[in-house]
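Reading through the structure tokens given below for one structure.
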Amino acid sequence: MDEIEEMLRYIGVKSVDELFEDIPRSIRRDLAIAEGTDEREVVRDLERILSKNLCARDYAFFLGGGVYFNFVPAIVKAITELPQFYTAYTPYQPEASQGILQAVFEYQSLMAELLEMDVVNASMYDGGSAAAEAMLMARRIRWAGGDRKGQDMDSIAVAKNINPYRRRVLETYAGVARINLIYVDFDKKTGKIDMAGLDEKMSDDVFAFYMENPNFFGVVEDEVVRVRDVIGDRIFIVGVNPYSLGVIIPPGRYDADIVVGDAQPLGLSMNMGGPSLGVFACKAKYVRRMPGRLIGMTADADGRRAFCMTLQTREQHIRRGRATSNICTNNTLCAIAVAVYLALIGGVGLRRLGIETMKKARKLCRVINEFEHCLSPIFDGKFFNEFVAKIDGIKERYHDFVRNGVFPGIPIGDSFEGMNPNAILVSVGDAVTDEDIEKYRRALEVMASD
Amino acid sequence: MTNASPHQEQYRQARYAEKLILEYEGEPTHTTDRDTEYENFLRKEMPGAILRNEPPHIPSLPEYIVARHYTRLAEMNYGITSGFYPLGSCTMKYNPTVLEEVARWRWVADIHPLQPENAVEGALQVMKELGIMLAEISGMDAVSLQPAAGAHGEYTGMAIVRKYFEDMGQDRNEVIIPDTAHGTNPASAAMAGFDVIEIKSKKGYVDIDALKSVLSTRTAAFMLTNPNTLGLFESDVLKIEKIVHEAGALLYYDGANLNAIMGITNPRAMGFDIVHFNLHKTFATPHGGGGPGSGPIGTIERLAKYLPLPKVVRTEQGFKLEHSLSRITNGGCLEEKGGNDETIGSVHTFHGNFIVLLKSYAYIRLMGRDGLKKAAERAVLNANYLKKKVEKILDVPYGEIVKHEFVASCAKLKKYGIRAKDVAKRLLDYGFHPPTIYFPLIVDEALMIEPTETENKETLDAFSDALQRVIEESIKNTEFVKNAPQNTAVSRVDEVLAAREPILNYRRRKNEK
């Protein structure tokens, strides 16, 4: 008797079918997908399908815009491949989950150090959903503040020069939450937020302001230190590229209330855009209105240091319909990867990488500008490691660049009102080499000679 | 092993007094000539107002320190490869290693979401085919892969419900949910701006009269998971479907428990309009200690136009992305939306958690139609077998035949001062991850047990034996159970202390000193 027979007998049924008798015949359905196959076959087939992708390492690769081609040290991958980490569930039983809990507590600590913010949560899905949740949290804070209630404050001011893909998520969530988005224009010359324009948008119904630093054009918002004076006690939400914080002051120093961002550049592969890591931080006084998991330090019964999920009364499994967010599963493993990366390279390493990529970006920027049909950069604001150039004919000739071994950037001409139609966002990750820059030059030469 | 000393269990988790990574001494950094040049460059190129004058206070550690640190942490963590993990509603099945391998490939890791379509053809093909497979498994007409987790899928579904009724010109602002629902259901509905109405269950099932009494022209949707969180299949689902649809509302399927019915029935056959999947549960992509997951949603034809974009379409020229914005180019996004844009928009910056999508694609290809059905059958067999065993030890208040899981109650132990939590902690000492506790809320002192299909009889017997011993100990050796666990990396964690004076990072702690 095999074990299935034995188990059926123990249950007291004759067949497995009997266990499904509560499912009415009228709703039974067969599956019309293919037969299963073995591991060897699946690997072979997937290899055939996926090798059609052009992979960044085989090219001079300059796409960014929120997802960057940065080098990922082998140890980061090795750690996240430890099965005790990647096969575990959310650490509901802290005694058996100290590894994940401590690792995420360390992520919260390292990220807090980088941002100089009081509290960082265990992670959100990505930069876009983190920004959207920040917007919802900001409204909760203001409505709870008691100075204005209900529909009075239903608008958020948003800088127009933020990442348009994140902006799409923000718009989606705002639509659902009946929040009105008021856009703050950017200066067409510098690429930076128009501060006078921001001031004008500060009407009574605005509960928060969201901007990104560096902005989508790669330009650093050096007037960010003045934002607080302009927006008063409205909630100040900043989206950062955490990779830039080795060289740019942390948002904690310019009085940000909530900080979001995407930590993909810190040790995560590009992964077709996901998973990445949604960063979410806030001031301590707002912690109880924060979405997401929080890991806290405590002690065990014997007084040893221990960690557990905490302030769970904010969360869906306790508070249900009145939770601060519905988030449950987040991107924990990515948070661990980012922690490993930061521990390995340290603050000094991050600063060096920041400067290195800034230097390479400037070098490439000059190379592009040497060409007659190009202008680079088109904004005169100082940039971090990506910039907007104009390359005439770029959209039509994009595939020629790829054929010449170069992914030249992200055409953004259609993305912004009044933008030059040949504008392209060129990003320099730290996996980019000097040879890659030379390849770019040669591709431009080919283009110019046609 | 009769009258075993409580300290004689086999299981021992590693126990290190492992420092925090920030407590390690970093390697001394030597400033080189290059650094001086770098700093000069930076001061020229970064406006003074926002120049960070000094590097962040994060030590740089040698790789061997980092490797040992995290290896020790991993040894203090229980995963699927450590042992049985019957965490109810979480479908902790074994994750085939090959899924990890394909996710590491350079054609997967090193591709950017804004590469032109013909440069990511393989990725688009995987997404397109996965969408088709999920549509088949659920019976739905269209699928979006964007949501990054189950709750994210629920939110997306609720956003669609909202948009649909707005377009219909109907003012429906209520979502009905059974009291056995996952916590994310009410949270997602509320986040989408709905008022949540909870109805009480009757003998563990949806109380049709209670449902009828709250259904009205204000009802937008009824959210249900079937089998429900008690592991019971709602056999009256077609009656539920009828009255919900007659009231003009939509029916939402929480796919957390899909593992029990694959190849047997599907949400469409049950009359559902919107479905979310939990790929990290049903389709074996690992859960990553709390994510990344993936929560695609599927809808019937009528609602398909509201699904998030971009989505992959197959054309004669190959796979393309269809965007919400008419003039979008590679990488662009317009100021204004196109005229006929009915999509709710986007819920993820790019295409969702592609890696997780790929792993579930590989899993479904491995399993195939028979494999998925066999998985459902074995999961149900295991649950019923284990239930029969556990019934001899504890009260299982609901269900004769269950599907993928069942809920036992530890209420009878209360007179000894033992709670479900104590039982859970003691199970850890025997090397088992405990079931979900205190959920669903309608069972007093609940242990929610989901064995999944990737366990054999021997494991189920061993778990049931361990549970038996824990119950005996609870009566005879109460203090000991209350002081469990002892064999894990730490003993009972003081969660009250953690919440009373939250220490949420090391930086904060330093400041307090």
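All residue names refer to the structure tokens as shown: chains lettered A, B, ... in order, residues numbered from 1 in each chain, ligands numbered from 1 in order.
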Test item: residues at most 12 Å from Glu63 in chain B, only C-alpha atoms, excluding those fewer than 2 positions along its chain, as a compact mmCIF listing (two decimals) with N, CA and C atoms, in the first residue's frame:
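After the write, part16.txt holds the following:
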```txt
# COMPACT_ATOMS: atom_id res chain seq x y z
N PRO A 73 28.36 43.54 -6.77
CA PRO A 73 29.40 42.63 -6.29
C PRO A 73 28.84 41.22 -6.06
N ALA A 74 29.66 40.22 -6.33
CA ALA A 74 29.21 38.82 -6.25
C ALA A 74 28.65 38.46 -4.88
N ILE A 75 29.25 39.01 -3.84
CA ILE A 75 28.82 38.64 -2.48
C ILE A 75 27.36 39.03 -2.22
N VAL A 76 26.93 40.11 -2.86
CA VAL A 76 25.54 40.54 -2.66
C VAL A 76 24.59 39.46 -3.16
N ALA A 78 25.41 36.29 -3.63
CA ALA A 78 25.61 35.05 -2.86
C ALA A 78 24.77 35.08 -1.57
N ILE A 79 24.72 36.22 -0.91
CA ILE A 79 23.97 36.30 0.35
C ILE A 79 22.47 36.13 0.11
N VAL A 340 23.71 44.55 2.35
CA VAL A 340 24.99 43.89 2.09
C VAL A 340 25.87 44.81 1.25
N TYR A 341 25.27 45.39 0.24
CA TYR A 341 26.02 46.28 -0.65
C TYR A 341 26.61 47.46 0.11
N LEU A 342 25.77 48.10 0.93
CA LEU A 342 26.24 49.27 1.68
C LEU A 342 27.33 48.89 2.67
N ALA A 343 27.16 47.73 3.32
CA ALA A 343 28.16 47.30 4.30
C ALA A 343 29.50 47.05 3.62
N LEU A 344 29.42 46.58 2.41
CA LEU A 344 30.64 46.25 1.69
C LEU A 344 31.37 47.50 1.18
N ILE A 345 30.64 48.41 0.57
CA ILE A 345 31.32 49.56 -0.02
C ILE A 345 31.48 50.71 0.97
N GLY A 346 30.59 50.79 1.95
CA GLY A 346 30.71 51.84 2.96
C GLY A 346 30.45 53.23 2.41
N GLY B 26 35.01 49.47 10.59
CA GLY B 26 35.28 49.48 9.15
C GLY B 26 36.77 49.44 8.88
N GLU B 27 37.11 49.13 7.66
CA GLU B 27 38.52 49.19 7.28
C GLU B 27 38.96 50.65 7.26
N SER B 60 33.07 50.59 5.82
CA SER B 60 33.27 49.67 4.71
C SER B 60 33.94 48.42 5.27
N LEU B 61 33.32 47.27 5.04
CA LEU B 61 33.83 46.04 5.65
C LEU B 61 34.43 45.12 4.60
N ILE B 65 34.24 39.51 6.30
CA ILE B 65 33.43 39.88 7.47
C ILE B 65 31.95 39.88 7.08
N VAL B 66 31.69 40.48 5.92
CA VAL B 66 30.30 40.55 5.44
C VAL B 66 29.76 39.14 5.22
N ALA B 67 30.56 38.29 4.59
CA ALA B 67 30.11 36.92 4.29
C ALA B 67 29.79 36.17 5.58
N ARG B 68 30.67 36.28 6.56
CA ARG B 68 30.43 35.56 7.82
C ARG B 68 29.23 36.12 8.56
N HIS B 69 29.15 37.42 8.58
CA HIS B 69 28.03 38.06 9.28
C HIS B 69 26.68 37.55 8.76
N TYR B 70 26.52 37.60 7.46
CA TYR B 70 25.22 37.21 6.90
C TYR B 70 25.01 35.70 6.89
N THR B 71 26.11 34.96 6.81
CA THR B 71 25.95 33.50 6.93
C THR B 71 25.44 33.16 8.32
```
Can you check which residues of range 88-322 of chain B DSSP gives as strand (DSSP E) on the backbone and send them as a short mmCIF file (atom, residue, chain, number, x, y, z; two decimals) with N, CA and C atoms, in the first residue's frame?
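Final output, saved to part.cif:
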```
data_model
loop_
_atom_site.label_atom_id
_atom_site.label_comp_id
_atom_site.auth_asym_id
_atom_site.auth_seq_id
_atom_site.Cartn_x
_atom_site.Cartn_y
_atom_site.Cartn_z
N ALA B 142 -8.47 38.53 -19.30
CA ALA B 142 -7.28 39.37 -19.45
C ALA B 142 -6.55 39.43 -18.11
N VAL B 143 -5.24 39.60 -18.20
CA VAL B 143 -4.42 39.60 -16.98
C VAL B 143 -3.42 40.75 -17.04
N SER B 144 -3.21 41.41 -15.91
CA SER B 144 -2.11 42.37 -15.78
C SER B 144 -1.11 41.83 -14.79
N GLU B 174 -19.61 50.88 -1.24
CA GLU B 174 -19.43 49.89 -0.18
C GLU B 174 -18.87 48.59 -0.73
N VAL B 175 -17.95 48.02 0.03
CA VAL B 175 -17.42 46.70 -0.31
C VAL B 175 -17.71 45.77 0.86
N ILE B 176 -18.29 44.63 0.53
CA ILE B 176 -18.66 43.67 1.58
C ILE B 176 -17.59 42.57 1.66
N ILE B 177 -17.30 42.18 2.90
CA ILE B 177 -16.22 41.23 3.15
C ILE B 177 -16.66 40.29 4.27
N PRO B 178 -16.42 38.99 4.14
CA PRO B 178 -16.75 38.09 5.25
C PRO B 178 -15.78 38.27 6.42
N ASP B 195 -16.15 52.13 1.72
CA ASP B 195 -16.54 51.79 3.09
C ASP B 195 -16.63 50.28 3.15
N VAL B 196 -16.06 49.70 4.19
CA VAL B 196 -16.01 48.25 4.30
C VAL B 196 -17.12 47.76 5.21
N ILE B 197 -17.89 46.79 4.74
CA ILE B 197 -18.94 46.19 5.55
C ILE B 197 -18.59 44.73 5.76
N GLU B 198 -18.47 44.35 7.02
CA GLU B 198 -18.09 42.98 7.32
C GLU B 198 -19.32 42.18 7.69
N ILE B 199 -19.46 40.99 7.10
CA ILE B 199 -20.59 40.14 7.50
C ILE B 199 -20.08 38.92 8.25
N SER B 201 -19.88 35.09 9.49
CA SER B 201 -20.02 33.79 8.84
C SER B 201 -21.05 32.95 9.58
N LYS B 202 -21.55 31.95 8.86
CA LYS B 202 -22.48 31.01 9.49
C LYS B 202 -21.88 29.63 9.35
N TYR B 205 -19.12 29.37 6.86
CA TYR B 205 -19.37 29.73 5.46
C TYR B 205 -19.99 31.13 5.37
N VAL B 206 -20.04 31.67 4.17
CA VAL B 206 -20.73 32.94 3.95
C VAL B 206 -22.20 32.73 4.31
N THR B 219 -23.68 48.81 -2.97
CA THR B 219 -22.62 47.80 -2.97
C THR B 219 -21.83 47.81 -4.28
N ALA B 220 -20.53 47.94 -4.16
CA ALA B 220 -19.67 47.91 -5.34
C ALA B 220 -19.14 46.50 -5.58
N ALA B 221 -18.75 45.83 -4.50
CA ALA B 221 -18.16 44.50 -4.68
C ALA B 221 -18.27 43.67 -3.42
N PHE B 222 -18.21 42.37 -3.63
CA PHE B 222 -18.09 41.41 -2.53
C PHE B 222 -16.76 40.70 -2.75
N MET B 223 -15.92 40.72 -1.72
CA MET B 223 -14.60 40.07 -1.82
C MET B 223 -14.65 38.74 -1.11
N LEU B 224 -14.16 37.71 -1.79
CA LEU B 224 -14.24 36.39 -1.20
C LEU B 224 -13.00 35.58 -1.59
N LEU B 250 -19.95 43.71 -8.24
CA LEU B 250 -18.94 42.81 -8.81
C LEU B 250 -18.44 41.84 -7.74
N LEU B 251 -17.90 40.74 -8.23
CA LEU B 251 -17.42 39.70 -7.33
C LEU B 251 -15.90 39.58 -7.47
N TYR B 252 -15.21 39.77 -6.35
CA TYR B 252 -13.75 39.79 -6.35
C TYR B 252 -13.20 38.52 -5.70
N TYR B 253 -12.25 37.87 -6.38
CA TYR B 253 -11.65 36.64 -5.86
C TYR B 253 -10.25 36.89 -5.33
N ASP B 254 -10.08 36.66 -4.03
CA ASP B 254 -8.76 36.73 -3.40
C ASP B 254 -8.08 35.39 -3.66
N GLY B 255 -7.04 35.41 -4.46
CA GLY B 255 -6.42 34.17 -4.93
C GLY B 255 -5.42 33.54 -3.98
N ILE B 274 -13.17 39.55 -10.98
CA ILE B 274 -11.78 39.99 -10.83
C ILE B 274 -11.08 39.01 -9.90
N VAL B 275 -9.84 38.71 -10.23
CA VAL B 275 -9.07 37.73 -9.47
C VAL B 275 -7.67 38.28 -9.23
N HIS B 276 -7.11 38.08 -8.06
CA HIS B 276 -5.65 38.28 -7.98
C HIS B 276 -4.97 36.96 -7.65
N PHE B 277 -3.75 36.84 -8.11
CA PHE B 277 -2.94 35.66 -7.85
C PHE B 277 -1.83 36.05 -6.88
N ILE B 297 -3.33 40.47 -11.58
CA ILE B 297 -4.79 40.34 -11.50
C ILE B 297 -5.37 40.02 -12.88
N GLY B 298 -6.47 39.32 -12.84
CA GLY B 298 -7.20 38.98 -14.05
C GLY B 298 -8.63 39.48 -13.95
N THR B 299 -9.22 39.78 -15.11
CA THR B 299 -10.62 40.23 -15.10
C THR B 299 -11.37 39.57 -16.25
N LYS B 311 0.96 46.84 -21.18
CA LYS B 311 0.84 45.39 -21.22
C LYS B 311 1.48 44.90 -22.51
N VAL B 312 1.81 43.62 -22.53
CA VAL B 312 2.46 43.05 -23.71
C VAL B 312 1.41 42.55 -24.68
N VAL B 313 1.57 42.91 -25.95
CA VAL B 313 0.69 42.38 -26.98
C VAL B 313 1.56 41.69 -28.04
N ARG B 314 0.99 40.68 -28.66
CA ARG B 314 1.71 39.98 -29.71
C ARG B 314 1.25 40.53 -31.06
N THR B 315 2.18 40.97 -31.87
CA THR B 315 1.83 41.48 -33.19
C THR B 315 2.61 40.70 -34.23
N GLY B 318 6.24 40.95 -33.86
CA GLY B 318 6.81 40.50 -32.60
C GLY B 318 6.05 41.05 -31.41
N PHE B 319 6.66 40.94 -30.24
CA PHE B 319 5.98 41.39 -29.03
C PHE B 319 6.14 42.89 -28.85
N LYS B 320 5.04 43.56 -28.51
CA LYS B 320 5.08 45.01 -28.32
C LYS B 320 4.45 45.34 -26.98
N LEU B 321 4.72 46.55 -26.54
CA LEU B 321 4.10 47.04 -25.31
C LEU B 321 3.01 48.02 -25.68
N GLU B 322 1.85 47.80 -25.09
CA GLU B 322 0.77 48.75 -25.32
C GLU B 322 0.72 49.67 -24.10
#
```
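Of the residues under consideration (B:Arg426, B:His287, B:Lys203, B:Arg419), B:His287 shows the shortest atom-to-atom contact distance to chain A when counting only C-alpha atoms.
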* Write out as a PyMOL selection string which residues come within 10 Å of Arg57 in chain A when counting only C-alpha atoms, dropping same-chain ones fewer than 5 positions away. => (chain A and resi 69+431-432) or (chain B and resi 106-107+110-111)
Keeping only C-alpha atoms, take the residues you just selected and write them out as a PDB file, in the first residue's frame.
```
ATOM      1  CA  PHE A  69      23.398  49.737 -14.885  1.00  0.00           C
ATOM      2  CA  ALA A 431      29.334  49.482 -14.850  1.00  0.00           C
ATOM      3  CA  VAL A 432      30.112  51.887 -17.686  1.00  0.00           C
TER       4      VAL A 432
ATOM      5  CA  ARG B 106      22.433  37.765 -17.504  1.00  0.00           C
ATOM      6  CA  TRP B 107      19.551  37.970 -20.033  1.00  0.00           C
ATOM      7  CA  ASP B 110      20.974  42.737 -16.987  1.00  0.00           C
ATOM      8  CA  ILE B 111      18.011  44.015 -18.956  1.00  0.00           C
TER       9      ILE B 111
END
```
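In this model, the gap between CA of Lys482 in chain B and CA of Lys421 in chain B comes to 9.0 Å.
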* Give the alpha helix (DSSP H) residues of range 46-185 of chain A, as DSSP finds them on the backbone, and put them as a PyMOL selection string. => chain A and resi 46-50+74-80+83-86+98-115+127-145+164-177
Near Val259 in chain A, within 8 Å and counting only C-alpha atoms, which residues show up once chain neighbours fewer than 6 positions away are dropped, as a tab-separated table (two decimals) with N, CA and C atoms, in the first residue's frame?
```tsv
chain	number	residue	atom	x	y	z
A	134	ALA	N	3.45	57.71	0.04
A	134	ALA	CA	3.87	58.92	0.77
A	134	ALA	C	2.79	60.00	0.63
A	237	ILE	N	7.66	66.02	0.81
A	237	ILE	CA	8.06	64.66	0.40
A	237	ILE	C	9.16	64.77	-0.66
A	238	VAL	N	10.24	64.08	-0.42
A	238	VAL	CA	11.34	64.12	-1.38
A	238	VAL	C	11.63	62.71	-1.89
A	239	GLY	N	11.75	62.59	-3.19
A	239	GLY	CA	12.19	61.33	-3.78
A	239	GLY	C	13.67	61.45	-4.09
A	240	VAL	N	14.47	60.53	-3.57
A	240	VAL	CA	15.91	60.62	-3.81
A	240	VAL	C	16.40	59.40	-4.58
A	251	PRO	N	18.41	64.16	2.68
A	251	PRO	CA	17.17	64.93	2.79
A	251	PRO	C	16.80	65.30	4.22
A	279	VAL	N	12.15	52.68	-1.15
A	279	VAL	CA	12.64	53.22	0.13
A	279	VAL	C	11.54	54.10	0.71
A	280	PHE	N	11.35	54.00	2.03
A	280	PHE	CA	10.34	54.85	2.66
A	280	PHE	C	10.84	55.25	4.04
A	281	ALA	N	10.96	56.57	4.26
A	281	ALA	CA	11.46	57.08	5.53
A	281	ALA	C	10.63	58.28	5.96
A	282	CYS	N	10.61	58.53	7.26
A	282	CYS	CA	9.89	59.73	7.73
A	282	CYS	C	10.47	60.22	9.06
```
* Write out as a list in words the residues lying within 12 Å of Ser449 in chain A, counting only C-alpha atoms and excluding same-chain residues fewer than 3 positions away. => Phe371, Glu372, His373, Arg442, Ala443, Leu444, Glu445 and Val446 of chain A
Store the residues picked out above in a file with N, CA and C atoms, as a compact mmCIF listing (two decimals), in the first residue's frame.
```
# COMPACT_ATOMS: atom_id res chain seq x y z
N PHE A 371 29.76 67.05 -31.35
CA PHE A 371 29.15 66.80 -32.66
C PHE A 371 28.19 67.91 -33.07
N GLU A 372 28.24 68.17 -34.33
CA GLU A 372 27.45 69.24 -34.94
C GLU A 372 25.95 69.09 -34.67
N HIS A 373 25.48 67.84 -34.80
CA HIS A 373 24.03 67.61 -34.69
C HIS A 373 23.59 67.39 -33.25
N ARG A 442 32.04 56.73 -31.41
CA ARG A 442 32.07 56.12 -32.74
C ARG A 442 30.67 56.02 -33.35
N ALA A 443 29.70 55.70 -32.51
CA ALA A 443 28.32 55.60 -33.01
C ALA A 443 27.84 56.98 -33.51
N LEU A 444 28.25 58.03 -32.80
CA LEU A 444 27.88 59.38 -33.23
C LEU A 444 28.59 59.74 -34.53
N GLU A 445 29.83 59.28 -34.64
CA GLU A 445 30.59 59.54 -35.87
C GLU A 445 29.92 58.88 -37.06
N VAL A 446 29.50 57.63 -36.87
CA VAL A 446 28.80 56.92 -37.93
C VAL A 446 27.55 57.69 -38.33
```
* Show which residues sit within 9 Å of Tyr86 in chain A, as a VMD selection string. Count only C-alpha atoms, and ignore same-chain residues fewer than 5 positions away. => (chain A and resid 80 to 81 333) or (chain B and resid 79 to 80 286 to 291)
Output the selection as a compact mmCIF listing (two decimals), in the first residue's frame - C-alpha atoms for each residue.
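So the final result, stored in out-v3.txt, reads:
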```txt
# COMPACT_ATOMS: atom_id res chain seq x y z
CA THR A 80 20.53 36.68 -1.16
CA GLU A 81 20.82 33.15 -2.52
CA LEU A 333 15.11 40.25 0.18
CA GLY B 79 13.19 28.70 5.78
CA ILE B 80 11.51 26.09 3.62
CA PRO B 286 10.00 31.95 -2.92
CA HIS B 287 8.73 34.52 -0.52
CA GLY B 288 12.13 36.10 0.15
CA GLY B 289 11.54 36.45 3.88
CA GLY B 290 8.75 38.92 3.20
CA GLY B 291 9.05 39.60 -0.50
```
* Quick one: of A:Ala335, A:Val426, A:Cys308, A:Met290, who's nearest to Ala361 in chain A, counting only C-alpha atoms? ->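 Nearest to Ala361 in chain A: A:Val426.
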* Structure fact -> Expressed in Å, the length from CA of Lys403 in chain B to CA of Gly88 in chain B is 11.8 Å
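Using only C-alpha atoms, the shortest contact distance between Asp30 in chain A and any of B:Lys373, B:His348, B:Arg365, B:Arg104 is found at B:Lys373.
Counting from CA of Pro265 in chain A, the distance to CA of Ser325 in chain A is 26.0 Å.
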* To do: Using only C-alpha atoms, determine which residues lie at most 8 Å from Val423 in chain B, disregarding the query and same-chain residues fewer than 4 positions distant; provide the list as an NGL selection string.
  => :B and (418-419 or 427 or 467 or 470-471 or 474 or 481)
Keeping N, CA and C atoms, export the residues of the selection given above as an mmCIF file, in the first residue's frame.
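As a result, out-v8.cif now contains:
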```cif
data_model
loop_
_atom_site.group_PDB
_atom_site.id
_atom_site.type_symbol
_atom_site.label_atom_id
_atom_site.label_comp_id
_atom_site.auth_asym_id
_atom_site.auth_seq_id
_atom_site.Cartn_x
_atom_site.Cartn_y
_atom_site.Cartn_z
ATOM 1 N N ILE B 418 -2.340 28.235 28.928
ATOM 2 C CA ILE B 418 -1.586 28.091 27.673
ATOM 3 C C ILE B 418 -2.400 28.662 26.512
ATOM 4 N N ARG B 419 -1.749 29.443 25.715
ATOM 5 C CA ARG B 419 -2.398 30.091 24.573
ATOM 6 C C ARG B 419 -1.841 29.514 23.268
ATOM 7 N N LEU B 427 6.361 24.454 19.422
ATOM 8 C CA LEU B 427 6.567 23.689 18.183
ATOM 9 C C LEU B 427 7.923 24.011 17.553
ATOM 10 N N LEU B 467 3.003 18.000 17.886
ATOM 11 C CA LEU B 467 1.875 18.767 18.410
ATOM 12 C C LEU B 467 1.256 18.044 19.609
ATOM 13 N N VAL B 470 3.364 18.604 22.548
ATOM 14 C CA VAL B 470 3.232 19.978 23.051
ATOM 15 C C VAL B 470 1.941 20.119 23.866
ATOM 16 N N ILE B 471 0.883 19.477 23.386
ATOM 17 C CA ILE B 471 -0.388 19.567 24.113
ATOM 18 C C ILE B 471 -0.256 18.862 25.462
ATOM 19 N N SER B 474 1.619 20.972 27.681
ATOM 20 C CA SER B 474 0.841 22.142 28.086
ATOM 21 C C SER B 474 0.039 21.846 29.343
ATOM 22 N N VAL B 481 6.224 25.107 28.680
ATOM 23 C CA VAL B 481 5.670 25.538 27.391
ATOM 24 C C VAL B 481 5.609 27.065 27.334
#
```
* Of the residues A:Ser276, A:Ser15, A:Ser415, A:Ser155, which is the one nearest to Phe216 in chain A, using only C-alpha atoms? ->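 For Phe216 in chain A, the nearest of the given residues is A:Ser415.
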